[in-house]
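my_file.txt, holding compact mmCIF, C-alpha atoms:
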```
# COMPACT_ATOMS: atom_id res chain seq x y z
CA MET A 1 -26.82 -8.23 -69.21
CA PHE A 2 -29.93 -7.73 -71.35
CA LYS A 3 -31.09 -11.29 -70.64
CA LYS A 4 -30.61 -10.73 -66.92
CA LEU A 5 -32.90 -7.70 -67.17
CA ILE A 6 -35.49 -9.77 -69.06
CA LEU A 7 -35.29 -12.44 -66.36
CA LYS A 8 -35.90 -9.88 -63.61
CA MET A 9 -38.82 -8.38 -65.53
CA LYS A 10 -40.38 -11.82 -66.08
CA LYS A 11 -40.18 -12.53 -62.36
CA SER A 12 -41.78 -9.20 -61.43
CA VAL A 13 -45.53 -9.66 -61.01
CA TRP A 14 -45.98 -5.92 -60.44
CA LEU A 15 -44.36 -4.78 -63.69
CA TYR A 16 -47.58 -4.13 -65.63
CA PRO A 17 -49.53 -2.75 -62.63
CA ALA A 18 -46.66 -0.34 -61.95
CA ILE A 19 -46.51 0.78 -65.59
CA HIS A 20 -50.25 1.38 -65.79
CA GLY A 21 -50.26 3.09 -62.40
CA ILE A 22 -47.61 5.56 -63.58
CA MET A 23 -49.40 6.12 -66.89
CA SER A 24 -52.68 6.80 -65.06
CA THR A 25 -50.99 9.30 -62.76
CA VAL A 26 -49.53 11.13 -65.76
CA MET A 27 -52.96 11.08 -67.42
CA VAL A 28 -54.52 12.65 -64.30
CA ALA A 29 -51.96 15.47 -64.42
CA ILE A 30 -52.66 16.12 -68.12
CA VAL A 31 -56.47 16.05 -67.76
CA LEU A 32 -56.30 18.25 -64.67
CA ALA A 33 -54.17 20.77 -66.54
CA ILE A 34 -56.76 20.81 -69.33
CA ASP A 35 -59.71 21.14 -66.94
CA THR A 36 -58.07 24.09 -65.16
CA ARG A 37 -57.31 25.70 -68.57
CA THR A 38 -53.58 25.65 -67.79
CA LEU A 39 -52.66 24.17 -71.19
CA PHE A 40 -55.47 25.49 -73.38
CA ASP A 41 -59.23 26.07 -73.37
CA PRO A 42 -60.72 22.67 -74.32
CA GLU A 43 -64.16 24.19 -75.03
CA LEU A 44 -62.67 25.78 -78.15
CA VAL A 45 -61.39 22.42 -79.45
CA LEU A 46 -63.53 19.56 -78.14
CA PRO A 47 -67.27 18.95 -78.78
CA ARG A 48 -69.57 20.15 -75.98
CA ILE A 49 -70.97 16.64 -75.39
CA MET A 50 -67.63 15.65 -73.76
CA PHE A 51 -68.01 18.19 -70.93
CA THR A 52 -69.80 17.81 -67.61
CA LYS A 53 -70.21 19.93 -64.50
CA VAL A 54 -67.89 19.26 -61.58
CA ASP A 55 -70.58 17.75 -59.30
CA LEU A 56 -71.69 15.32 -62.02
CA ALA A 57 -68.05 14.45 -62.76
CA GLN A 58 -67.48 13.66 -59.08
CA THR A 59 -70.50 11.34 -59.06
CA ILE A 60 -69.37 9.51 -62.23
CA LEU A 61 -65.75 9.16 -61.10
CA GLY A 62 -66.86 7.86 -57.69
CA ALA A 63 -69.01 5.18 -59.35
CA ILE A 64 -66.16 4.24 -61.73
CA ALA A 65 -63.64 3.99 -58.86
CA GLY A 66 -65.93 1.66 -56.89
CA SER A 67 -66.72 -0.49 -59.93
CA LEU A 68 -63.07 -0.85 -60.99
CA LEU A 69 -62.02 -1.75 -57.46
CA THR A 70 -64.66 -4.50 -57.47
CA MET A 71 -63.47 -5.76 -60.89
CA THR A 72 -59.86 -5.70 -59.69
CA THR A 73 -60.80 -7.78 -56.66
CA PHE A 74 -62.70 -10.25 -58.85
CA THR A 75 -59.78 -10.49 -61.29
CA PHE A 76 -57.31 -11.09 -58.48
CA SER A 77 -59.60 -13.78 -57.01
CA THR A 78 -59.81 -15.47 -60.42
CA ILE A 79 -56.03 -15.42 -60.73
CA MET A 80 -55.67 -17.07 -57.32
CA VAL A 81 -58.19 -19.77 -58.23
CA VAL A 82 -56.32 -20.53 -61.47
CA LEU A 83 -52.98 -20.61 -59.62
CA THR A 84 -54.43 -23.11 -57.15
CA MET A 85 -55.71 -25.27 -60.01
CA TYR A 86 -52.35 -25.12 -61.81
CA THR A 87 -50.58 -26.23 -58.63
CA SER A 88 -52.94 -29.07 -57.77
CA GLN A 89 -53.83 -30.38 -61.22
CA TYR A 90 -50.74 -29.72 -63.37
CA SER A 91 -47.52 -28.87 -61.55
CA PRO A 92 -46.27 -26.22 -59.10
CA ARG A 93 -43.66 -25.34 -61.71
CA THR A 94 -46.37 -24.25 -64.19
CA VAL A 95 -47.63 -21.45 -61.91
CA GLU A 96 -45.06 -19.02 -63.30
CA ASN A 97 -46.31 -19.72 -66.84
CA PHE A 98 -49.64 -18.19 -65.84
CA LEU A 99 -48.07 -15.30 -63.92
CA ASP A 100 -45.70 -14.57 -66.81
CA ASP A 101 -48.64 -14.30 -69.21
CA SER A 102 -48.78 -10.70 -70.43
CA ILE A 103 -52.57 -10.53 -70.87
CA THR A 104 -53.19 -11.66 -67.29
CA MET A 105 -50.93 -9.02 -65.79
CA LYS A 106 -52.02 -6.32 -68.26
CA VAL A 107 -55.68 -6.73 -67.24
CA LEU A 108 -54.78 -6.43 -63.57
CA GLY A 109 -52.65 -3.38 -64.36
CA ILE A 110 -55.36 -1.67 -66.43
CA PHE A 111 -57.96 -2.11 -63.68
CA MET A 112 -55.58 -0.76 -61.04
CA GLY A 113 -54.65 2.11 -63.35
CA GLY A 114 -58.32 2.97 -63.83
CA PHE A 115 -58.91 3.04 -60.09
CA ILE A 116 -55.85 5.26 -59.59
CA TYR A 117 -57.07 7.66 -62.29
CA SER A 118 -60.57 7.92 -60.81
CA ILE A 119 -59.51 8.34 -57.21
CA LEU A 120 -56.77 10.90 -58.00
CA SER A 121 -59.13 12.88 -60.23
CA LEU A 122 -61.59 13.06 -57.34
CA LEU A 123 -58.83 14.11 -54.97
CA PHE A 124 -57.68 17.05 -57.10
CA MET A 125 -61.13 18.17 -58.26
CA ARG A 126 -61.44 21.38 -56.20
CA GLU A 127 -64.22 23.95 -55.87
CA SER A 128 -61.91 26.46 -57.56
CA ILE A 129 -62.68 24.89 -60.93
CA SER A 130 -66.44 24.61 -60.32
CA GLU A 131 -67.11 27.42 -62.77
CA TYR A 132 -65.56 25.35 -65.57
CA LEU A 133 -66.96 22.42 -67.47
CA VAL A 134 -64.55 19.45 -67.18
CA ILE A 135 -63.63 16.38 -69.26
CA SER A 136 -62.34 14.21 -66.36
CA ALA A 137 -65.57 12.22 -66.21
CA THR A 138 -65.62 11.62 -69.99
CA VAL A 139 -62.04 10.33 -69.92
CA GLY A 140 -63.00 8.09 -66.97
CA VAL A 141 -65.98 6.68 -68.88
CA ILE A 142 -63.80 5.92 -71.93
CA TYR A 143 -61.25 4.26 -69.64
CA SER A 144 -63.99 2.14 -68.00
CA ILE A 145 -65.22 0.96 -71.43
CA ILE A 146 -61.66 -0.10 -72.29
CA CYS A 147 -61.55 -1.96 -68.97
CA LEU A 148 -64.74 -3.83 -69.85
CA VAL A 149 -63.25 -4.89 -73.20
CA TYR A 150 -60.11 -6.16 -71.47
CA PHE A 151 -62.23 -7.91 -68.87
CA SER A 152 -64.03 -9.91 -71.56
CA VAL A 153 -60.66 -10.72 -73.16
CA PHE A 154 -59.36 -11.83 -69.76
CA ILE A 155 -62.30 -14.18 -69.14
CA ASN A 156 -61.86 -15.78 -72.58
CA HIS A 157 -58.08 -15.98 -72.11
CA VAL A 158 -58.34 -17.65 -68.70
CA GLY A 159 -60.77 -20.16 -70.18
CA ASN A 160 -58.12 -21.09 -72.73
CA LEU A 161 -55.23 -21.13 -70.26
CA ILE A 162 -56.83 -23.62 -67.89
CA GLN A 163 -57.18 -26.21 -70.68
CA ALA A 164 -54.45 -28.81 -70.42
CA ASN A 165 -53.76 -29.00 -74.15
CA ASN A 166 -53.22 -25.24 -74.41
CA LEU A 167 -50.81 -25.27 -71.48
CA ILE A 168 -48.90 -28.21 -72.97
CA ASP A 169 -48.75 -26.40 -76.32
CA ARG A 170 -47.28 -23.29 -74.67
CA LEU A 171 -44.65 -25.39 -72.90
CA TYR A 172 -43.90 -27.19 -76.16
CA ARG A 173 -43.36 -23.92 -78.02
CA GLU A 174 -41.13 -22.59 -75.24
CA ALA A 175 -39.01 -25.75 -75.26
CA LEU A 176 -38.88 -25.79 -79.06
CA GLU A 177 -37.69 -22.18 -79.18
CA ASN A 178 -34.90 -22.91 -76.70
CA ILE A 179 -33.90 -26.09 -78.53
CA GLU A 180 -33.62 -24.13 -81.77
CA GLY A 181 -31.50 -21.57 -79.92
CA TYR A 182 -29.24 -24.33 -78.61
CA ARG A 183 -28.91 -25.90 -82.07
CA LYS A 184 -27.97 -22.51 -83.48
CA SER A 185 -25.27 -22.08 -80.81
CA VAL A 186 -23.92 -25.55 -81.66
CA GLU A 187 -23.67 -24.61 -85.34
CA GLU A 188 -21.70 -21.47 -84.49
CA VAL A 189 -18.95 -23.29 -82.58
CA LYS A 190 -16.82 -26.40 -82.90
CA LEU A 191 -17.85 -29.67 -81.26
CA GLU A 192 -15.02 -31.72 -79.79
CA LYS A 193 -15.40 -35.17 -78.25
CA SER A 194 -12.78 -34.42 -75.58
CA LEU A 195 -10.90 -31.40 -74.33
CA GLU A 196 -7.60 -30.65 -76.04
CA LEU A 197 -5.74 -28.12 -73.89
CA LYS A 198 -2.16 -28.72 -74.96
CA GLY A 199 0.03 -25.74 -74.25
CA PHE A 200 -2.20 -24.62 -71.36
CA PRO A 201 -0.87 -26.65 -68.40
CA TYR A 202 -1.63 -24.22 -65.56
CA GLU A 203 -5.10 -24.37 -64.06
CA VAL A 204 -7.17 -22.19 -61.73
CA CYS A 205 -10.53 -23.38 -60.40
CA ILE A 206 -13.25 -20.93 -59.40
CA LYS A 207 -16.01 -22.08 -57.06
CA SER A 208 -19.55 -20.81 -57.15
CA ASP A 209 -20.24 -17.98 -54.70
CA ARG A 210 -23.81 -19.09 -53.99
CA SER A 211 -26.16 -22.07 -54.07
CA GLY A 212 -28.96 -22.45 -56.59
CA TYR A 213 -29.76 -23.28 -60.20
CA ILE A 214 -27.79 -21.97 -63.16
CA GLN A 215 -30.32 -19.74 -64.91
CA LEU A 216 -28.34 -17.82 -67.53
CA VAL A 217 -24.85 -17.88 -69.02
CA ASP A 218 -23.50 -14.73 -70.64
CA LYS A 219 -21.25 -16.34 -73.23
CA GLU A 220 -20.12 -13.03 -74.68
CA ALA A 221 -18.88 -11.92 -71.24
CA LEU A 222 -17.00 -15.19 -70.72
CA GLU A 223 -15.39 -14.89 -74.16
CA SER A 224 -14.35 -11.32 -73.39
CA MET A 225 -12.84 -12.35 -70.06
CA ALA A 226 -11.05 -15.30 -71.65
CA LYS A 227 -9.48 -12.96 -74.20
CA GLU A 228 -8.56 -10.42 -71.53
CA LEU A 229 -6.87 -13.07 -69.35
CA SER A 230 -5.40 -15.02 -72.31
CA ALA A 231 -7.00 -18.17 -70.90
CA LYS A 232 -9.15 -21.10 -71.84
CA VAL A 233 -12.36 -20.87 -69.78
CA LEU A 234 -14.37 -24.03 -69.14
CA LEU A 235 -17.86 -23.92 -67.65
CA GLU A 236 -18.08 -27.14 -65.65
CA LYS A 237 -21.89 -27.22 -65.36
CA VAL A 238 -24.80 -26.92 -67.75
CA ILE A 239 -27.75 -24.53 -67.56
CA GLY A 240 -30.42 -25.77 -65.17
CA GLN A 241 -27.99 -27.70 -62.98
CA PHE A 242 -27.98 -27.15 -59.21
CA VAL A 243 -24.73 -25.90 -57.68
CA THR A 244 -23.61 -25.10 -54.14
CA ASP A 245 -21.14 -22.55 -52.84
CA GLU A 246 -18.52 -25.34 -52.85
CA THR A 247 -19.09 -26.41 -56.46
CA GLU A 248 -16.26 -25.85 -58.92
CA LEU A 249 -18.07 -23.78 -61.51
CA LEU A 250 -15.32 -22.50 -63.81
CA ARG A 251 -11.87 -23.78 -64.74
CA LEU A 252 -9.25 -21.49 -66.26
CA ARG A 253 -6.26 -22.88 -68.12
CA PHE A 254 -3.17 -20.73 -68.81
CA SER A 255 -0.07 -21.19 -70.92
CA GLU A 256 2.02 -19.75 -68.07
CA MET A 257 1.59 -19.39 -64.32
CA LYS A 258 -0.88 -16.62 -63.46
CA GLU A 259 -2.87 -15.40 -60.50
CA VAL A 260 -6.50 -14.47 -60.95
CA THR A 261 -7.57 -11.52 -58.79
CA ASP A 262 -10.76 -11.56 -56.73
CA PHE A 263 -12.08 -8.79 -58.96
CA ASP A 264 -11.63 -10.92 -62.09
CA LYS A 265 -13.14 -13.94 -60.32
CA GLY A 266 -16.17 -11.81 -59.47
CA ARG A 267 -16.54 -10.73 -63.09
CA LEU A 268 -16.34 -14.32 -64.28
CA LEU A 269 -18.91 -15.48 -61.74
CA ASN A 270 -21.16 -12.56 -62.65
CA ALA A 271 -21.39 -13.98 -66.18
CA VAL A 272 -23.21 -17.00 -64.73
CA THR A 273 -26.58 -16.13 -63.19
CA ILE A 274 -27.56 -18.41 -60.31
CA GLY A 275 -31.00 -18.27 -58.66
CA ILE A 276 -33.15 -20.21 -56.22
CA GLU A 277 -35.35 -21.60 -58.99
CA ARG A 278 -34.99 -22.69 -62.59
CA ASN A 279 -36.30 -20.72 -65.54
CA GLU A 280 -36.84 -21.58 -69.18
CA LEU A 281 -35.09 -18.57 -70.73
CA GLN A 282 -32.12 -20.71 -71.84
CA ASP A 283 -33.13 -24.02 -70.26
CA PHE A 284 -35.35 -26.16 -72.49
CA ASP A 285 -35.05 -29.01 -69.97
CA PHE A 286 -37.18 -27.01 -67.56
CA SER A 287 -40.07 -26.82 -70.03
CA VAL A 288 -39.62 -30.54 -70.73
CA GLN A 289 -39.73 -31.22 -66.97
CA LYS A 290 -43.04 -29.35 -66.70
CA ILE A 291 -44.57 -31.47 -69.47
CA VAL A 292 -43.32 -34.61 -67.70
CA GLU A 293 -44.93 -33.47 -64.42
CA ILE A 294 -48.25 -32.81 -66.18
CA ALA A 295 -48.08 -36.36 -67.58
CA LEU A 296 -47.32 -37.78 -64.13
CA ARG A 297 -50.25 -35.91 -62.57
CA ALA A 298 -52.51 -37.14 -65.37
CA ILE A 299 -51.71 -40.82 -64.74
CA SER A 300 -51.93 -40.49 -60.96
CA PRO A 301 -54.89 -42.32 -59.30
CA GLY A 302 -56.31 -39.00 -58.07
CA ILE A 303 -56.74 -37.54 -61.58
CA ASN A 304 -56.65 -40.64 -63.81
CA ASP A 305 -56.46 -38.90 -67.18
CA PRO A 306 -54.30 -41.16 -69.38
CA ASN A 307 -55.25 -39.33 -72.59
CA THR A 308 -53.58 -36.14 -71.35
CA ALA A 309 -50.55 -38.23 -70.33
CA ASN A 310 -50.42 -39.79 -73.79
CA HIS A 311 -50.57 -36.35 -75.41
CA CYS A 312 -47.68 -35.21 -73.21
CA ILE A 313 -45.66 -38.28 -74.20
CA ARG A 314 -46.22 -37.59 -77.90
CA ILE A 315 -45.07 -33.98 -77.39
CA LEU A 316 -41.99 -35.21 -75.50
CA GLY A 317 -41.23 -37.53 -78.40
CA VAL A 318 -41.30 -34.60 -80.81
CA LEU A 319 -38.98 -32.54 -78.59
CA MET A 320 -36.50 -35.38 -78.10
CA GLY A 321 -36.52 -35.92 -81.85
CA LYS A 322 -35.26 -32.35 -82.27
CA ILE A 323 -32.04 -33.19 -80.40
CA ALA A 324 -31.69 -36.83 -81.45
CA ASP A 325 -29.01 -36.04 -84.03
CA LEU A 326 -26.79 -34.04 -81.67
CA GLU A 327 -23.58 -35.58 -80.37
CA GLU A 328 -21.96 -35.41 -76.95
CA GLY A 329 -18.75 -33.54 -76.23
CA TYR A 330 -17.71 -29.94 -75.66
CA LEU A 331 -18.73 -26.80 -77.50
CA VAL A 332 -15.49 -24.95 -78.21
CA LYS A 333 -15.04 -21.38 -79.37
CA ASN A 334 -11.40 -20.33 -79.72
CA SER A 335 -10.10 -16.87 -80.49
CA GLU A 336 -8.51 -16.23 -83.86
CA ASP A 337 -4.98 -16.29 -82.41
CA GLY A 338 -5.70 -19.43 -80.38
CA LYS A 339 -4.54 -17.80 -77.13
CA SER A 340 -7.96 -17.87 -75.51
CA GLY A 341 -11.28 -19.64 -75.81
CA THR A 342 -14.39 -20.91 -74.05
CA PHE A 343 -15.59 -24.46 -73.51
CA TYR A 344 -19.09 -25.59 -72.62
CA GLU A 345 -20.32 -29.10 -72.02
CA ALA A 346 -22.72 -30.21 -74.75
CA ILE A 347 -25.97 -31.93 -73.83
CA SER A 348 -25.94 -35.70 -73.55
CA PHE A 349 -28.76 -37.21 -75.61
CA GLU A 350 -28.64 -40.39 -73.54
CA LYS A 351 -29.18 -38.43 -70.32
CA GLU A 352 -31.86 -36.26 -71.88
CA LEU A 353 -33.76 -39.33 -73.09
CA TYR A 354 -33.49 -41.10 -69.75
CA TYR A 355 -34.44 -38.15 -67.56
CA THR A 356 -37.37 -37.35 -69.83
CA PHE A 357 -38.98 -40.80 -69.66
CA TYR A 358 -37.75 -42.63 -66.57
CA GLN A 359 -40.39 -41.21 -64.21
CA ILE A 360 -43.18 -41.80 -66.73
CA VAL A 361 -41.94 -45.39 -67.16
CA ASN A 362 -41.92 -45.91 -63.40
CA TYR A 363 -45.42 -44.56 -62.76
CA GLY A 364 -47.05 -45.63 -66.03
CA LYS A 365 -45.64 -49.15 -66.33
CA GLY A 366 -49.02 -50.64 -65.43
CA ASP A 367 -51.05 -48.65 -68.00
CA VAL A 368 -50.89 -50.23 -71.43
CA SER A 369 -51.92 -47.00 -73.21
CA VAL A 370 -49.01 -45.13 -71.58
CA VAL A 371 -46.56 -47.92 -72.47
CA LEU A 372 -47.72 -47.94 -76.11
CA SER A 373 -47.46 -44.14 -76.29
CA ILE A 374 -43.87 -44.27 -75.02
CA TYR A 375 -42.95 -46.85 -77.65
CA LYS A 376 -44.57 -44.72 -80.36
CA ALA A 377 -42.61 -41.68 -79.13
CA LEU A 378 -39.37 -43.70 -79.13
CA ARG A 379 -40.10 -44.83 -82.69
CA GLU A 380 -40.44 -41.24 -83.88
CA ILE A 381 -37.26 -40.25 -82.02
CA SER A 382 -35.38 -43.15 -83.58
CA LYS A 383 -36.28 -42.00 -87.11
CA LYS A 384 -34.52 -38.67 -86.51
CA ALA A 385 -31.61 -39.95 -84.43
CA SER A 386 -28.00 -40.33 -85.51
CA PRO A 387 -26.72 -43.93 -85.74
CA GLU A 388 -25.04 -43.63 -82.33
CA ASN A 389 -28.11 -42.14 -80.68
CA ARG A 390 -30.42 -44.63 -82.38
CA GLN A 391 -28.77 -47.37 -80.35
CA LYS A 392 -29.53 -45.39 -77.18
CA VAL A 393 -33.17 -45.15 -78.19
CA HIS A 394 -33.21 -48.92 -78.66
CA GLU A 395 -31.70 -49.35 -75.17
CA MET A 396 -34.45 -47.15 -73.73
CA GLY A 397 -37.01 -49.41 -75.42
CA GLU A 398 -35.43 -52.44 -73.75
CA TYR A 399 -35.38 -50.59 -70.43
CA LEU A 400 -39.10 -49.90 -70.76
CA TYR A 401 -39.89 -53.52 -71.65
CA ASN A 402 -38.01 -54.78 -68.61
CA ARG A 403 -39.88 -52.36 -66.31
CA ILE A 404 -43.50 -52.88 -67.40
CA ASP A 405 -45.80 -55.07 -65.36
CA PRO A 406 -45.61 -58.78 -66.27
CA GLU A 407 -49.39 -58.92 -66.88
CA LEU A 408 -48.97 -56.59 -69.87
CA LYS A 409 -46.54 -58.96 -71.60
CA SER A 410 -49.21 -61.58 -72.29
CA GLY A 411 -52.42 -61.66 -74.29
CA ILE A 412 -53.41 -58.94 -76.73
CA ASP A 413 -51.61 -56.29 -74.65
CA GLY A 414 -48.36 -58.18 -75.01
CA LYS A 415 -48.92 -58.60 -78.72
CA MET A 416 -49.49 -54.89 -79.30
CA ILE A 417 -46.49 -53.95 -77.16
CA ALA A 418 -44.31 -56.41 -79.10
CA VAL A 419 -45.40 -54.81 -82.38
CA GLU A 420 -44.59 -51.29 -81.20
CA LYS A 421 -41.30 -52.42 -79.68
CA ALA A 422 -40.24 -54.10 -82.93
CA ASP A 423 -40.81 -50.84 -84.85
CA ILE A 424 -37.96 -49.12 -82.97
CA VAL A 425 -35.07 -49.52 -85.42
```
Is it possible to give me this structure as structure tokens?
Amino acid sequence: MFKKLILKMKKSVWLYPAIHGIMSTVMVAIVLAIDTRTLFDPELVLPRIMFTKVDLAQTILGAIAGSLLTMTTFTFSTIMVVLTMYTSQYSPRTVENFLDDSITMKVLGIFMGGFIYSILSLLFMRESISEYLVISATVGVIYSIICLVYFSVFINHVGNLIQANNLIDRLYREALENIEGYRKSVEEVKLEKSLELKGFPYEVCIKSDRSGYIQLVDKEALESMAKELSAKVLLEKVIGQFVTDETELLRLRFSEMKEVTDFDKGRLLNAVTIGIERNELQDFDFSVQKIVEIALRAISPGINDPNTANHCIRILGVLMGKIADLEEGYLVKNSEDGKSGTFYEAISFEKELYYTFYQIVNYGKGDVSVVLSIYKALREISKKASPENRQKVHEMGEYLYNRIDPELKSGIDGKMIAVEKADIV
């Protein structure tokens, strides 16, 4: 449930603007209460330099409101330009990485909050308080200085975000974090090569109630339901996979004939979050896919940046090396009494390796630097792979060699490729 809330918050572009808008409204109420002497007399506490007359305060707040609205417009325009560049030069899937960035949304929220503070302060600044000196303008000036600091941070941050290597590094760290989370979950359960469900002959299949990508799986909820129903619960699909409303999503196995109510089916389906797009919260494959798409754009004739593609391939080699020792099968977590349990399909290293490199092989088979980079990545993966998976890495090397352009197999290119290919043990 907590991860579902995080997912919704990550997808909400207006989270930070809404927070800062509320905070600014509260700040207006507090400052107004001080200016009207409702809370206390500020002239007895604060230095006199912080006070201004009402007419001067109105002038200052009007100037601040206009300036912050201009800065907000400029910031929004910059965000749109960066989003366009991300879509055209990297991948449409990387747009959310920019929108999810906290600094980007915080800056937009702070500017909008400053405008709200200034305009509301002007609205409630009545002639009835004209005999008092007020601090509204001073607070507005301090707020505007903070906005300028954040604006400079934003400009520097955007300059870093639009660099390909920084984007690739962010995607790498996201994927690495999720891979470590997956490895931890593997260590906590038992890995079985095949399903052993003796004593549970009765089966109930539950179809998905919607179409989309599997975004999150609440394993604790599934374990609780399995215990409550005294059943073995098998999730038929993996995170990131696309399902339709006719896809068999869950299988329940019972030791005796049972009927599963619609209410219980709804609770089971609610443990699996399905959305119209993928997200990287539990899906490291999605981050890997983004790196692959950046590599494909880089080797396309329109961009022609093989060095960025080669960097992506090296990063992909590191990530695949992190899972190269994992075996296929099912992740099993049984209850202590053995009357219930959950089963999840483990990742297939062979599939992961193929789906990571097959597009790059297809589009980069005529570029010798790309081919050499793939072989170097496969060599590093092979060093960390289990004996069974090492053979799959070798097969991928043969697949690559059979796909590259014939011209690259002769001359010095062919010699260098043969050397790199021979290093895959």
Excluding same-chain residues fewer than 3 positions from region 11-28 of chain A, what lies within 7 Å of it counting only C-alpha atoms, as a VMD selection string? chain A and resid 7 to 8 31 to 32 99 105 to 106 108 to 110 112 to 114 116 to 117 120 to 121
Can you spit out the residues from that selection as an mmCIF file, in the frame of the given file, using C-alpha atoms?
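What follows is the written file part14.cif:
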```cif
data_model
loop_
_atom_site.group_PDB
_atom_site.id
_atom_site.type_symbol
_atom_site.label_atom_id
_atom_site.label_comp_id
_atom_site.auth_asym_id
_atom_site.auth_seq_id
_atom_site.Cartn_x
_atom_site.Cartn_y
_atom_site.Cartn_z
ATOM 1 C CA LEU A 7 -35.290 -12.440 -66.360
ATOM 2 C CA LYS A 8 -35.900 -9.880 -63.610
ATOM 3 C CA VAL A 31 -56.470 16.050 -67.760
ATOM 4 C CA LEU A 32 -56.300 18.250 -64.670
ATOM 5 C CA LEU A 99 -48.070 -15.300 -63.920
ATOM 6 C CA MET A 105 -50.930 -9.020 -65.790
ATOM 7 C CA LYS A 106 -52.020 -6.320 -68.260
ATOM 8 C CA LEU A 108 -54.780 -6.430 -63.570
ATOM 9 C CA GLY A 109 -52.650 -3.380 -64.360
ATOM 10 C CA ILE A 110 -55.360 -1.670 -66.430
ATOM 11 C CA MET A 112 -55.580 -0.760 -61.040
ATOM 12 C CA GLY A 113 -54.650 2.110 -63.350
ATOM 13 C CA GLY A 114 -58.320 2.970 -63.830
ATOM 14 C CA ILE A 116 -55.850 5.260 -59.590
ATOM 15 C CA TYR A 117 -57.070 7.660 -62.290
ATOM 16 C CA LEU A 120 -56.770 10.900 -58.000
ATOM 17 C CA SER A 121 -59.130 12.880 -60.230
#
```
Quick one: what's the axis-aligned box for region 136-155 of chain A, all listed atoms, 5 Å on every side, centre and edges in Å to one decimal, as lines of an AutoDock Vina configuration file?
```
center_x = -62.7
center_y = 0.0
center_z = -69.7
size_x = 16.6
size_y = 38.4
size_z = 17.0
```
As a list in words, please: the residues near Glu407 (chain A) (cut-off 10 Å, all atoms listed in the file, same-chain neighbours under 5 positions excluded).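 Once the nearby chain positions are removed, what remains is Gly366, Val368, Asp413 and Gly414 of chain A.
If you measure from each of A:Asp41, A:Glu345, A:Glu223, A:Glu248 to Cys205 (chain A) using all atoms listed in the file, the closest one turns out to be A:Glu248.
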Close residues, region 206-211 of chain A itself excluded, 7 Å, only C-alpha atoms, min 5 positions apart in chain, as a list in words: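 Residues meeting the cut-off are Val243, Thr244, Asp245, Glu246, Thr247, Glu248, Leu249, Leu250 and Arg251 of chain A.
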Please, what distance in Å, to one decimal, runs between CA of Leu171 (chain A) and CA of Ile313 (chain A)?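 Interatomic distance, CA of Leu171 (chain A) to CA of Ile313 (chain A): 13.0 Å.
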Have a look at CA of Glu96 (chain A) and CA of Gln282 (chain A) and let me know their distance in Å, one decimal.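 According to the coordinates, CA of Glu96 (chain A) and CA of Gln282 (chain A) are separated by 15.6 Å.
Here CA of Ser185 (chain A) and CA of Gly317 (chain A) stand 22.3 Å from one another.
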For Arg297 (chain A), please output as number ranges by chain all residues within 10 Å (counting only C-alpha atoms; exclusion window: fewer than 6 positions along the same chain). A: 88-91, 291, 303-306, 308-309, 363
Near-Phe284 (chain A) list (12 Å; only C-alpha atoms; drop same-chain fewer than 2 positions) as number ranges by chain: A: 171-183, 215-216, 238-240, 278-282, 286-291, 316, 319-320, 322-323, 347, 352, 356
With C-alpha atoms retained, export the selected residues as an mmCIF file, keeping the file's coordinate frame.
```cif
data_model
loop_
_atom_site.group_PDB
_atom_site.id
_atom_site.type_symbol
_atom_site.label_atom_id
_atom_site.label_comp_id
_atom_site.auth_asym_id
_atom_site.auth_seq_id
_atom_site.Cartn_x
_atom_site.Cartn_y
_atom_site.Cartn_z
ATOM 1 C CA LEU A 171 -44.650 -25.390 -72.900
ATOM 2 C CA TYR A 172 -43.900 -27.190 -76.160
ATOM 3 C CA ARG A 173 -43.360 -23.920 -78.020
ATOM 4 C CA GLU A 174 -41.130 -22.590 -75.240
ATOM 5 C CA ALA A 175 -39.010 -25.750 -75.260
ATOM 6 C CA LEU A 176 -38.880 -25.790 -79.060
ATOM 7 C CA GLU A 177 -37.690 -22.180 -79.180
ATOM 8 C CA ASN A 178 -34.900 -22.910 -76.700
ATOM 9 C CA ILE A 179 -33.900 -26.090 -78.530
ATOM 10 C CA GLU A 180 -33.620 -24.130 -81.770
ATOM 11 C CA GLY A 181 -31.500 -21.570 -79.920
ATOM 12 C CA TYR A 182 -29.240 -24.330 -78.610
ATOM 13 C CA ARG A 183 -28.910 -25.900 -82.070
ATOM 14 C CA GLN A 215 -30.320 -19.740 -64.910
ATOM 15 C CA LEU A 216 -28.340 -17.820 -67.530
ATOM 16 C CA VAL A 238 -24.800 -26.920 -67.750
ATOM 17 C CA ILE A 239 -27.750 -24.530 -67.560
ATOM 18 C CA GLY A 240 -30.420 -25.770 -65.170
ATOM 19 C CA ARG A 278 -34.990 -22.690 -62.590
ATOM 20 C CA ASN A 279 -36.300 -20.720 -65.540
ATOM 21 C CA GLU A 280 -36.840 -21.580 -69.180
ATOM 22 C CA LEU A 281 -35.090 -18.570 -70.730
ATOM 23 C CA GLN A 282 -32.120 -20.710 -71.840
ATOM 24 C CA PHE A 286 -37.180 -27.010 -67.560
ATOM 25 C CA SER A 287 -40.070 -26.820 -70.030
ATOM 26 C CA VAL A 288 -39.620 -30.540 -70.730
ATOM 27 C CA GLN A 289 -39.730 -31.220 -66.970
ATOM 28 C CA LYS A 290 -43.040 -29.350 -66.700
ATOM 29 C CA ILE A 291 -44.570 -31.470 -69.470
ATOM 30 C CA LEU A 316 -41.990 -35.210 -75.500
ATOM 31 C CA LEU A 319 -38.980 -32.540 -78.590
ATOM 32 C CA MET A 320 -36.500 -35.380 -78.100
ATOM 33 C CA LYS A 322 -35.260 -32.350 -82.270
ATOM 34 C CA ILE A 323 -32.040 -33.190 -80.400
ATOM 35 C CA ILE A 347 -25.970 -31.930 -73.830
ATOM 36 C CA GLU A 352 -31.860 -36.260 -71.880
ATOM 37 C CA THR A 356 -37.370 -37.350 -69.830
#
```
